[in-house]
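Quick look at coords-v3.cif (mmCIF, C-alpha atoms):
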```cif
data_structure
#
loop_
_atom_site.group_PDB
_atom_site.id
_atom_site.type_symbol
_atom_site.label_atom_id
_atom_site.label_comp_id
_atom_site.auth_asym_id
_atom_site.auth_seq_id
_atom_site.Cartn_x
_atom_site.Cartn_y
_atom_site.Cartn_z
ATOM 1 C CA MET A 1 -8.375 18.862 9.595
ATOM 2 C CA GLN A 2 -6.683 15.508 9.996
ATOM 3 C CA LEU A 3 -5.315 13.699 6.956
ATOM 4 C CA ARG A 4 -7.088 10.524 8.043
ATOM 5 C CA SER A 5 -10.439 12.154 7.323
ATOM 6 C CA ILE A 6 -9.494 12.601 3.655
ATOM 7 C CA PHE A 7 -9.274 8.880 2.986
ATOM 8 C CA SER A 8 -11.646 5.922 2.777
ATOM 9 C CA PHE A 9 -9.816 2.595 2.364
ATOM 10 C CA ALA A 10 -12.565 0.171 1.300
ATOM 11 C CA LEU A 11 -11.101 -3.245 2.132
ATOM 12 C CA PRO A 12 -14.115 -5.250 0.916
ATOM 13 C CA LEU A 13 -13.550 -3.634 -2.493
ATOM 14 C CA LEU A 14 -9.810 -4.197 -2.456
ATOM 15 C CA LEU A 15 -9.748 -6.258 -5.650
ATOM 16 C CA ALA A 16 -12.838 -4.764 -7.249
ATOM 17 C CA ALA A 17 -10.941 -3.173 -10.148
ATOM 18 C CA CYS A 18 -8.973 -5.847 -11.973
ATOM 19 C CA GLY A 19 -7.995 -4.553 -15.376
ATOM 20 C CA ASP A 20 -5.003 -6.023 -17.211
ATOM 21 C CA PRO A 21 -1.671 -6.948 -15.656
ATOM 22 C CA GLN A 22 0.898 -4.179 -15.887
ATOM 23 C CA VAL A 23 3.506 -6.472 -17.410
ATOM 24 C CA GLY A 24 2.624 -8.084 -20.732
ATOM 25 C CA SER A 25 3.774 -11.310 -22.380
ATOM 26 C CA GLU A 26 6.601 -9.605 -24.308
ATOM 27 C CA TYR A 27 9.914 -8.733 -22.694
ATOM 28 C CA PRO A 28 9.053 -5.693 -20.559
ATOM 29 C CA GLY A 29 12.549 -4.314 -20.073
ATOM 30 C CA GLU A 30 14.589 -3.822 -16.934
ATOM 31 C CA SER A 31 12.754 -4.162 -13.630
ATOM 32 C CA LEU A 32 12.344 -1.036 -11.504
ATOM 33 C CA LEU A 33 11.606 -3.199 -8.462
ATOM 34 C CA THR A 34 11.713 -6.945 -7.888
ATOM 35 C CA VAL A 35 10.512 -8.412 -4.602
ATOM 36 C CA GLN A 36 10.385 -12.001 -3.453
ATOM 37 C CA GLY A 37 8.367 -13.732 -0.804
ATOM 38 C CA THR A 38 6.221 -16.674 0.182
ATOM 39 C CA ILE A 39 2.496 -17.288 0.362
ATOM 40 C CA VAL A 40 1.795 -19.186 3.571
ATOM 41 C CA ASN A 41 -1.440 -21.115 3.907
ATOM 42 C CA GLU A 42 -3.252 -20.977 7.251
ATOM 43 C CA LEU A 43 -6.661 -21.782 5.796
ATOM 44 C CA ASP A 44 -8.290 -25.090 6.734
ATOM 45 C CA GLU A 45 -7.646 -26.257 3.176
ATOM 46 C CA PRO A 46 -5.326 -24.819 0.550
ATOM 47 C CA PRO A 47 -7.230 -23.317 -2.415
ATOM 48 C CA ALA A 48 -7.566 -25.424 -5.516
ATOM 49 C CA GLY A 49 -5.596 -24.178 -8.493
ATOM 50 C CA PRO A 50 -2.902 -21.524 -8.793
ATOM 51 C CA VAL A 51 -2.757 -18.450 -6.583
ATOM 52 C CA ASP A 52 -1.545 -15.035 -7.708
ATOM 53 C CA ALA A 53 0.509 -12.573 -5.709
ATOM 54 C CA VAL A 54 -1.088 -9.230 -6.514
ATOM 55 C CA LEU A 55 0.208 -5.731 -5.929
ATOM 56 C CA VAL A 56 -2.782 -3.442 -5.391
ATOM 57 C CA TRP A 57 -2.378 0.334 -5.576
ATOM 58 C CA ASN A 58 -4.931 2.337 -3.612
ATOM 59 C CA THR A 59 -5.542 5.973 -4.513
ATOM 60 C CA GLU A 60 -7.575 8.724 -2.908
ATOM 61 C CA LYS A 61 -7.328 12.109 -4.583
ATOM 62 C CA ASP A 62 -10.265 14.181 -3.387
ATOM 63 C CA GLY A 63 -11.890 12.336 -0.479
ATOM 64 C CA SER A 64 -14.859 11.205 -2.588
ATOM 65 C CA GLY A 65 -13.836 7.592 -3.107
ATOM 66 C CA SER A 66 -10.972 5.188 -3.790
ATOM 67 C CA GLU A 67 -9.697 3.223 -6.752
ATOM 68 C CA ASN A 68 -7.726 -0.015 -6.611
ATOM 69 C CA LEU A 69 -5.386 -1.165 -9.371
ATOM 70 C CA PRO A 70 -3.817 -4.672 -9.284
ATOM 71 C CA VAL A 71 -0.600 -5.938 -10.877
ATOM 72 C CA ARG A 72 -0.337 -9.726 -10.987
ATOM 73 C CA ALA A 73 2.553 -12.164 -10.533
ATOM 74 C CA THR A 74 1.764 -15.880 -10.449
ATOM 75 C CA ALA A 75 2.946 -17.918 -7.465
ATOM 76 C CA VAL A 76 3.722 -21.501 -8.406
ATOM 77 C CA GLY A 77 4.484 -24.696 -6.500
ATOM 78 C CA SER A 78 3.034 -26.269 -3.388
ATOM 79 C CA PHE A 79 2.225 -24.194 -0.326
ATOM 80 C CA PRO A 80 3.959 -22.337 1.068
ATOM 81 C CA ALA A 81 4.566 -21.042 -2.458
ATOM 82 C CA SER A 82 7.369 -18.707 -3.387
ATOM 83 C CA PHE A 83 6.704 -15.770 -5.655
ATOM 84 C CA THR A 84 8.664 -13.108 -7.465
ATOM 85 C CA LEU A 85 6.923 -9.887 -8.367
ATOM 86 C CA SER A 86 8.713 -7.632 -10.834
ATOM 87 C CA ILE A 87 7.534 -4.109 -11.607
ATOM 88 C CA HIS A 88 8.773 -2.599 -14.850
ATOM 89 C CA GLU A 89 6.894 0.699 -14.935
ATOM 90 C CA PRO A 90 5.722 3.395 -12.551
ATOM 91 C CA PRO A 91 2.124 3.073 -11.385
ATOM 92 C CA PRO A 92 -0.436 4.343 -13.893
ATOM 93 C CA GLU A 93 -1.561 7.945 -13.495
ATOM 94 C CA SER A 94 -4.667 6.806 -11.641
ATOM 95 C CA GLY A 95 -2.501 4.813 -9.212
ATOM 96 C CA LEU A 96 -0.828 7.917 -7.770
ATOM 97 C CA ASN A 97 -2.121 9.922 -4.822
ATOM 98 C CA ASP A 98 -2.125 13.629 -5.672
ATOM 99 C CA PHE A 99 -2.799 16.131 -2.879
ATOM 100 C CA SER A 100 -1.767 19.278 -4.743
ATOM 101 C CA GLU A 101 -5.384 20.438 -5.069
ATOM 102 C CA LEU A 102 -5.582 20.450 -1.270
ATOM 103 C CA GLY A 103 -2.750 22.950 -1.102
ATOM 104 C CA LEU A 104 -0.157 20.308 -0.190
ATOM 105 C CA GLU A 105 3.095 19.531 -2.004
ATOM 106 C CA GLY A 106 2.845 18.466 -5.622
ATOM 107 C CA THR A 107 4.778 15.205 -5.284
ATOM 108 C CA ARG A 108 2.615 12.247 -6.278
ATOM 109 C CA VAL A 109 2.993 8.966 -4.386
ATOM 110 C CA GLY A 110 1.667 5.442 -4.909
ATOM 111 C CA ILE A 111 1.061 3.136 -1.937
ATOM 112 C CA GLY A 112 0.240 -0.516 -2.516
ATOM 113 C CA ILE A 113 -0.117 -3.768 -0.623
ATOM 114 C CA ILE A 114 0.519 -7.342 -1.749
ATOM 115 C CA VAL A 115 -2.424 -9.729 -1.541
ATOM 116 C CA ALA A 116 -3.131 -13.306 -2.650
ATOM 117 C CA ALA A 117 -6.056 -14.268 -4.864
ATOM 118 C CA ARG A 118 -7.134 -17.220 -6.983
ATOM 119 C CA SER A 119 -5.948 -16.804 -10.553
ATOM 120 C CA GLU A 120 -9.314 -17.714 -12.051
ATOM 121 C CA ASP A 121 -11.057 -15.023 -10.007
ATOM 122 C CA TYR A 122 -9.819 -12.397 -12.421
ATOM 123 C CA ALA A 123 -12.439 -13.548 -14.909
ATOM 124 C CA ASP A 124 -15.186 -12.659 -12.416
ATOM 125 C CA SER A 125 -16.709 -9.251 -11.824
ATOM 126 C CA GLU A 126 -16.107 -9.506 -8.071
ATOM 127 C CA PRO A 127 -12.805 -11.332 -7.466
ATOM 128 C CA SER A 128 -11.950 -12.346 -3.936
ATOM 129 C CA TRP A 129 -8.746 -12.177 -1.910
ATOM 130 C CA LEU A 130 -7.281 -14.930 0.235
ATOM 131 C CA GLY A 131 -4.482 -13.259 2.159
ATOM 132 C CA VAL A 132 -2.185 -10.264 2.523
ATOM 133 C CA ASP A 133 1.322 -9.232 3.540
ATOM 134 C CA GLU A 134 0.393 -7.642 6.863
ATOM 135 C CA HIS A 135 3.787 -6.067 7.537
ATOM 136 C CA HIS A 136 4.890 -4.328 4.330
ATOM 137 C CA VAL A 137 3.706 -1.793 1.783
ATOM 138 C CA ILE A 138 5.210 -0.845 -1.568
ATOM 139 C CA VAL A 139 5.709 2.891 -2.118
ATOM 140 C CA TYR A 140 6.444 4.719 -5.367
ATOM 141 C CA VAL A 141 7.642 8.336 -5.257
ATOM 142 C CA GLU A 142 7.300 10.232 -8.523
ATOM 143 C CA SER A 143 9.615 13.213 -7.857
ATOM 144 C CA GLU A 144 11.690 14.924 -5.207
ATOM 145 C CA MET A 145 9.905 15.022 -1.866
ATOM 146 C CA ASP A 146 9.532 18.148 0.283
ATOM 147 C CA GLU A 147 11.593 17.556 3.438
ATOM 148 C CA ASP A 148 8.839 19.077 5.573
ATOM 149 C CA GLY A 149 5.865 17.991 3.466
ATOM 150 C CA VAL A 150 3.014 15.616 4.172
ATOM 151 C CA TRP A 151 4.746 12.595 2.616
ATOM 152 C CA SER A 152 7.976 13.130 4.565
ATOM 153 C CA LYS A 153 5.910 13.296 7.741
ATOM 154 C CA LEU A 154 4.119 10.088 6.773
ATOM 155 C CA PHE A 155 7.321 8.143 6.030
ATOM 156 C CA GLY A 156 9.534 9.574 8.779
ATOM 157 C CA GLY A 157 11.626 11.584 6.326
ATOM 158 C CA PRO A 158 11.943 12.217 2.576
ATOM 159 C CA LEU A 159 12.259 9.271 0.197
ATOM 160 C CA ALA A 160 14.144 9.382 -3.092
ATOM 161 C CA PRO A 161 12.148 9.141 -6.312
ATOM 162 C CA GLY A 162 11.408 5.557 -7.309
ATOM 163 C CA TYR A 163 10.231 2.388 -5.566
ATOM 164 C CA HIS A 164 10.628 1.528 -1.879
ATOM 165 C CA VAL A 165 9.721 -1.474 0.287
ATOM 166 C CA MET A 166 8.424 -0.199 3.612
ATOM 167 C CA ASP A 167 7.903 -1.894 6.955
ATOM 168 C CA ALA A 168 4.348 -1.320 8.173
ATOM 169 C CA VAL A 169 3.211 -1.408 11.810
ATOM 170 C CA GLN A 170 -0.421 -0.959 12.807
ATOM 171 C CA ARG A 171 -1.062 1.858 15.250
ATOM 172 C CA ILE A 172 -3.159 0.304 18.020
ATOM 173 C CA PRO A 173 -5.125 2.779 20.182
ATOM 174 C CA GLY A 174 -3.543 3.117 23.611
ATOM 175 C CA SER A 175 -0.194 1.665 22.523
ATOM 176 C CA ALA A 176 3.197 3.365 22.788
ATOM 177 C CA LEU A 177 3.158 3.811 19.001
ATOM 178 C CA ASP A 178 -0.234 5.499 19.240
ATOM 179 C CA ALA A 179 1.045 7.855 21.941
ATOM 180 C CA GLU A 180 4.108 8.638 19.832
ATOM 181 C CA GLY A 181 1.962 9.503 16.827
ATOM 182 C CA GLN A 182 -0.407 11.630 18.890
ATOM 183 C CA ALA A 183 2.475 13.574 20.426
ATOM 184 C CA ALA A 184 3.973 14.197 16.972
ATOM 185 C CA PHE A 185 0.607 15.372 15.664
ATOM 186 C CA ASP A 186 0.031 17.695 18.621
ATOM 187 C CA ALA A 187 3.485 19.285 18.262
ATOM 188 C CA CYS A 188 3.120 19.680 14.506
ATOM 189 C CA ASP A 189 -0.385 21.105 14.758
ATOM 190 C CA ALA A 190 0.644 23.587 17.459
ATOM 191 C CA ALA A 191 3.423 24.917 15.227
ATOM 192 C CA ALA A 192 1.312 25.084 12.041
ATOM 193 C CA THR A 193 0.290 28.547 10.858
ATOM 194 C CA THR A 194 -1.611 27.812 7.623
ATOM 195 C CA GLU A 195 -4.464 25.512 6.679
ATOM 196 C CA ALA A 196 -2.135 23.460 4.469
ATOM 197 C CA GLU A 197 0.349 23.045 7.326
ATOM 198 C CA HIS A 198 -2.440 21.932 9.677
ATOM 199 C CA LEU A 199 -3.635 19.440 7.059
ATOM 200 C CA ALA A 200 -0.131 18.058 6.530
ATOM 201 C CA CYS A 201 0.171 17.372 10.264
ATOM 202 C CA GLY A 202 -2.520 14.740 9.821
ATOM 203 C CA ALA A 203 0.195 12.467 8.409
ATOM 204 C CA HIS A 204 1.197 11.860 12.039
ATOM 205 C CA ASP A 205 -2.331 10.652 12.821
ATOM 206 C CA VAL A 206 -2.790 7.826 10.307
ATOM 207 C CA LYS A 207 -3.366 4.220 11.335
ATOM 208 C CA LEU A 208 -0.059 2.838 10.071
ATOM 209 C CA LYS A 209 3.587 3.640 10.748
ATOM 210 C CA MET A 210 5.591 3.186 7.537
ATOM 211 C CA ARG A 211 9.374 3.235 7.482
ATOM 212 C CA PRO A 212 11.941 1.956 4.906
ATOM 213 C CA ALA A 213 12.541 -1.777 5.327
ATOM 214 C CA ALA A 214 16.021 -2.577 6.626
ATOM 215 C CA GLY A 215 16.566 -5.011 3.760
ATOM 216 C CA GLY A 216 15.181 -2.687 1.109
ATOM 217 C CA ALA A 217 14.042 -4.571 -1.976
ATOM 218 C CA SER A 218 15.644 -7.712 -0.508
ATOM 219 C CA ALA A 219 13.290 -7.743 2.481
ATOM 220 C CA ALA A 220 11.562 -11.107 2.882
ATOM 221 C CA LEU A 221 7.830 -10.720 2.258
ATOM 222 C CA THR A 222 5.183 -13.089 3.586
ATOM 223 C CA VAL A 223 1.622 -13.152 2.304
ATOM 224 C CA ARG A 224 -0.477 -14.956 4.900
ATOM 225 C CA MET A 225 -3.624 -16.730 3.736
ATOM 226 C CA ALA A 226 -6.095 -17.022 6.599
ATOM 227 C CA PRO A 227 -9.769 -16.381 7.370
ATOM 228 C CA GLN A 228 -10.602 -12.754 6.604
ATOM 229 C CA GLU A 229 -11.390 -11.925 10.223
ATOM 230 C CA ASP A 230 -7.898 -13.044 11.268
ATOM 231 C CA LEU A 231 -6.022 -10.813 8.819
ATOM 232 C CA GLU A 232 -4.803 -7.271 9.470
ATOM 233 C CA PHE A 233 -4.646 -5.225 6.257
ATOM 234 C CA PRO A 234 -2.003 -2.464 6.267
ATOM 235 C CA ASP A 235 -4.556 0.384 6.379
ATOM 236 C CA TRP A 236 -2.493 3.568 6.113
ATOM 237 C CA HIS A 237 -5.366 6.063 6.197
#
```
Show me, as structure tokens, the structure contained in the file I just sent.
Amino acid sequence: MQLRSIFSFALPLLLAACGDPQVGSEYPGESLLTVQGTIVNELDEPPAGPVDAVLVWNTEKDGSGSENLPVRATAVGSFPASFTLSIHEPPPESGLNDFSELGLEGTRVGIGIIVAARSEDYADSEPSWLGVDEHHVIVYVESEMDEDGVWSKLFGGPLAPGYHVMDAVQRIPGSALDAEGQAAFDACDAAATTEAEHLACGAHDVKLKMRPAAGGASAALTVRMAPQEDLEFPDWH
């Protein structure tokens, strides 16, 4: 069973669950991760009013559905607008992917993307998004990672507990990256002897290659605002 079949990443519902920002108005303490970037406008007209840079965690625990949890950071100034997004806490419990019930390692991991949305949309029941960082994901690792587990396979090796900025490259069918992933899956699956090991091999068959960004937390992030059909969301499933 391939890992990809466990997940359902519902992009049209990406910002459906708004909730409250993770960081309140009072001093939140030392940042666990601070990233900086720009929001670049490629729409015919820039949106009226302020735009938020939003970190959205996507979770899938049992294959029955997904939940999306945003954390906001306001981008100010004229476009392209710079933004700083500081995270002061781990993701909430519901923002962590937990595959232990599937017989896989118990480490819980959060994977999020950074999108752009109109600030006022958070008052609506169905907020919209305007753009996305197409080339990075934010990963949170709760505890020590199994060196041969599903997450290590997904990220090209074990990651230390805490936050990580990851480069993300879409796996296009027929490409060299696609062939590389297929070969890794085939080799892993051939060597697997248990159902859990076969399931973990599916990490080689997801749609996105994620590796630690060379610049780490200092990597330059770019959220591109463009027509929806022109954007490529980092779909890791």
I'd like the residues picked by the PyMOL selection byres ((chain A and resi 231) around 10) written out as number ranges by chain, using the chain letters and numbers from the file. A: 130-134, 224-230, 232-234
Just the residues within 10 Å of Asp178 in chain A, please, counting only C-alpha atoms, with nothing from its chain fewer than 6 positions along; format it as a PyMOL selection string. chain A and resi 170-172+184+204-209
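Residues in contact with Ala192 in chain A at up to 12 Å, not including ones fewer than 6 positions away on its chain and judged by only C-alpha atoms, are Met1, Asp148, Phe185, Asp186, His198, Leu199, Ala200, Cys201 and Gly202 of chain A.
Take CA of Trp151 in chain A and CA of Val139 in chain A: the distance between them is 10.8 Å.
Taking only C-alpha atoms into account, Ser143 in chain A lies nearest to A:Arg108 out of the set A:Arg108, A:Phe155, A:Ala53, A:Trp129.
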All residues 7 Å or closer to Thr84 in chain A, all atoms listed in the file, same chain fewer than 5 positions away omitted, as a short mmCIF file (atom, residue, chain, number, x, y, z; two decimals) with C-alpha atoms, keeping the file's coordinate frame:
```
data_model
loop_
_atom_site.label_atom_id
_atom_site.label_comp_id
_atom_site.auth_asym_id
_atom_site.auth_seq_id
_atom_site.Cartn_x
_atom_site.Cartn_y
_atom_site.Cartn_z
CA THR A 34 11.71 -6.94 -7.89
CA VAL A 35 10.51 -8.41 -4.60
CA GLN A 36 10.38 -12.00 -3.45
CA GLY A 37 8.37 -13.73 -0.80
CA ALA A 73 2.55 -12.16 -10.53
#
```
For the structure provided, state which residues fall under the PyMOL selection byres ((chain A and resi 106) around 10), and present them as JSON, numbers by chain. {"A": [97, 98, 99, 100, 101, 102, 103, 104, 105, 107, 108, 109, 142, 143, 144, 145, 146, 149]}
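Here the PyMOL selection byres ((chain A and resi 168) around 6) matches the residues His135, His136, Asp167, Val169, Lys209 and Met210 of chain A.
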Test item: residues at most 7 Å from range 89-95 of chain A, all atoms listed in the file, excluding those fewer than 5 positions along its chain, as an MDAnalysis selection string: chainID A and resid 32 57:59 69 110
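If all atoms listed in the file are the atoms counted, then among A:Ile111, A:Val165, A:Val137, A:Leu96 the closest residue to Gly215 in chain A is A:Val165.
Rounded to one decimal, CA of Val141 in chain A and CA of Tyr163 in chain A lie 6.5 Å from each other.
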Interatomic distance (Å, one decimal) between CA of Pro47 in chain A and CA of Ala81 in chain A: 12.0 Å
Using all atoms listed in the file for the distances, tell me which of A:Ala214, A:Ala176, A:Cys188, A:Val223 is nearest to Val54 in chain A. A:Val223
